[in-house]
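Since the structure comes first, as structure tokens, the remarks are kept for the end.
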Amino acid sequence: EPEVTQTPSHQVTQMGQEVILRCVPISNHLYFYWYRQILGQKVEFLVSFYNNEISEKSEIFDDQFSVERPDGSNFTLKIRSTKLEDSAMYFCASSEGSGFPVETQYFGPGTRLLVL
Amino acid sequence: AQSVTQPDIHITVSEGASLELRCNYSYGATPYLFWYVQSPGQGLQLLLKYFSGDTLVQGIKGFEAEFKRSQSSFNLRKPSVHWSDAAEYFCAVGKFSSNTGNQFYFGTGTSLTVIP
């Protein structure tokens with residue numbers, strides 16, 4: 001069964017450093033998403049991406065964040081200058097469509113980011 | 001605004017016992033409801049979803065959920081829990097927007113421990 005994969009599974013970085021989290025969505029999916037979960041809190045939507053552009057972003061997704069689909073398979077989340085509060089589990093998801101009523105989103109295993 | 005509440009942060013049940021995980025949602029329109037499970041090191045796996053029709057929904061691994069509009073609830077149940085069911089369970093509501101596509105709103109999750 002096709003699945004979403006994410007690398008690395010864990011990332012430790014120093015505050016102020018740039019990190020890139022990588023995701024390989026399911027191959028025939030067209031919509032891609034990033035979510036994050038700070039320990040003990042809800043899974044929160046960050047951004048959705050379609051046709052090589054952001055379709056929606058939350059207020060969390062500020063100028064420190066960017067997303068890119070550098071080739072036909074990868075989908076990346078970059079945090080330019082990490083802060084302590086960026087420590088969280090980051091989930092990538094993909095869906096075949098984004099239509100009515102709601103398309104099922106398929107999630108990867110997550111990358112646990114720790115900012116020191 | 002849409003939101004999802006999972007009142008139980010952690011539940012412990014004995015193997016073979018029945019299970020009910022609670023989920024309450026707040027959503028102004030017809031809700032599209034999902035339950036996901038996350039085993040350690042794994043992604044969020046879809047257990048079941050409710051869009052319309054029969055309010056009792058069957059999912060994978062012997063799980064079912066019942067949509068009760070009057071109570072704004074979508075509780076997950078299993079008649080007999082197996083040790084392999086120990087995991088984190090997330091309830092989510094999906095929203096469709098003609099402008100931006102789909103967004104998912106998650107609860108904080110319920111951690112299930114199964115004791116022999």
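Scheme for the structure tokens: letters A, B, ... for chains in order shown; per-chain residue numbers from 1; ligand numbers from 1 in order shown.
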
Contact table chain B vs chain A, cut-off 6 Å, shortest pair per residue, only C-alpha atoms, as a tab-separated table:
```
residue	atom	partner	partner_atom	distance
B:Gln42	CA	A:Pro109	CA	4.5
B:Gly43	CA	A:Pro109	CA	3.3
B:Leu44	CA	A:Phe107	CA	5.2
B:Phe96	CA	A:Val102	CA	5.9
B:Thr100	CA	A:Ser55	CA	5.7
B:Gly101	CA	A:Ser98	CA	4.9
B:Asn102	CA	A:Ser98	CA	5.3
B:Phe106	CA	A:Val43	CA	5.5
B:Gly107	CA	A:Lys42	CA	5.4
B:Thr108	CA	A:Lys42	CA	4.0
```

Exercise: Tyr36 of chain B partners within 10 Å, only C-alpha atoms, chain neighbours under 2 positions left out, as a ChimeraX atom specification: /A:106-107 /B:34,38,43-49,88-92,106,109

Pick from A:Leu116, A:Glu96, A:Leu21, A:Met15, whichever lies nearest to Trp34 of chain A using only C-alpha atoms: A:Leu21

Atom CA of Gln103 of chain B to atom CA of Leu19 of chain B, straight-line distance in Å: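 Straight-line distance from atom CA of Leu19 of chain B to atom CA of Gln103 of chain B works out to 28.5 Å.
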
Polymer residues at most 12 Å from Ser84 of chain B, only C-alpha atoms, same-chain spacing of 6 or more positions, as a VMD selection string: chain B and resid 14 to 16 37 to 40 61 112 to 116

For segment 66-83 of chain A: contacts at 7 Å, only C-alpha atoms, fewer than 6 positions along chain excluded, given as a ChimeraX atom specification: /A:15-25,52,115

So that I have them on file, write out the residues from the current selection with C-alpha atoms, as a tab-separated table (two decimals), in the first residue's frame.
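Written out: result-v5.tsv:
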```
chain	number	residue	atom	x	y	z
A	15	MET	CA	18.35	27.84	17.89
A	16	GLY	CA	18.82	30.11	14.86
A	17	GLN	CA	19.79	27.30	12.51
A	18	GLU	CA	17.93	26.43	9.36
A	19	VAL	CA	16.26	23.04	9.06
A	20	ILE	CA	14.66	21.29	6.12
A	21	LEU	CA	12.13	18.56	6.71
A	22	ARG	CA	11.51	16.24	3.82
A	23	CYS	CA	8.46	14.35	2.71
A	24	VAL	CA	7.65	12.05	-0.17
A	25	PRO	CA	3.88	12.12	-0.73
A	52	ASN	CA	3.43	24.44	-7.04
A	115	VAL	CA	15.47	23.03	19.00
```

Atomic separation - atom CA of Ser18 of chain B relative to atom CA of Lys78 of chain B, Å: 5.8 Å

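Counting from atom CA of Val4 of chain B, the distance to atom CA of Ser58 of chain A is 17.0 Å.
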
Segment 58-104 of chain A: residues DSSP assigns to strand (DSSP E), reported as a PyMOL selection string: chain A and resi 65-68+75-79+88-95

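Considering the residues A:Ile60, A:Pro8, A:Phe32, A:Thr13 and counting only C-alpha atoms, Leu84 of chain A has its shortest atom-to-atom contact with A:Thr13.
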
All residues 9 Å or closer to Asp8 of chain B, only C-alpha atoms, same chain fewer than 6 positions away omitted, as a ChimeraX atom specification: /B:21-23,109-111

Keeping C-alpha atoms, export the residues of the selection given above as a PDB file, in the first residue's frame.
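Writing done, so here's result-v6.pdb:
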```pdb
ATOM      1  CA  LEU B  21     -12.911   7.038  23.041  1.00  0.00           C
ATOM      2  CA  ARG B  22     -14.788  10.299  23.134  1.00  0.00           C
ATOM      3  CA  CYS B  23     -14.748  13.029  20.542  1.00  0.00           C
ATOM      4  CA  GLY B 109      -5.404  12.889  20.946  1.00  0.00           C
ATOM      5  CA  THR B 110      -6.108  10.097  23.410  1.00  0.00           C
ATOM      6  CA  SER B 111      -3.318   7.753  24.396  1.00  0.00           C
TER       7      SER B 111
END
```

May I have the residues within 7 Å of segment 67-72 of chain B as a PDB file with C-alpha atoms, in the first residue's frame, using only C-alpha atoms and disregarding those fewer than 5 positions away in the same chain?
```
ATOM      1  CA  ASN B  24     -16.835  16.194  20.468  1.00  0.00           C
ATOM      2  CA  TYR B  25     -16.767  18.666  17.639  1.00  0.00           C
ATOM      3  CA  SER B  26     -17.859  22.199  17.011  1.00  0.00           C
ATOM      4  CA  THR B  55     -24.557   7.231  11.568  1.00  0.00           C
ATOM      5  CA  LEU B  56     -22.765   4.057  12.652  1.00  0.00           C
TER       6      LEU B  56
END
```
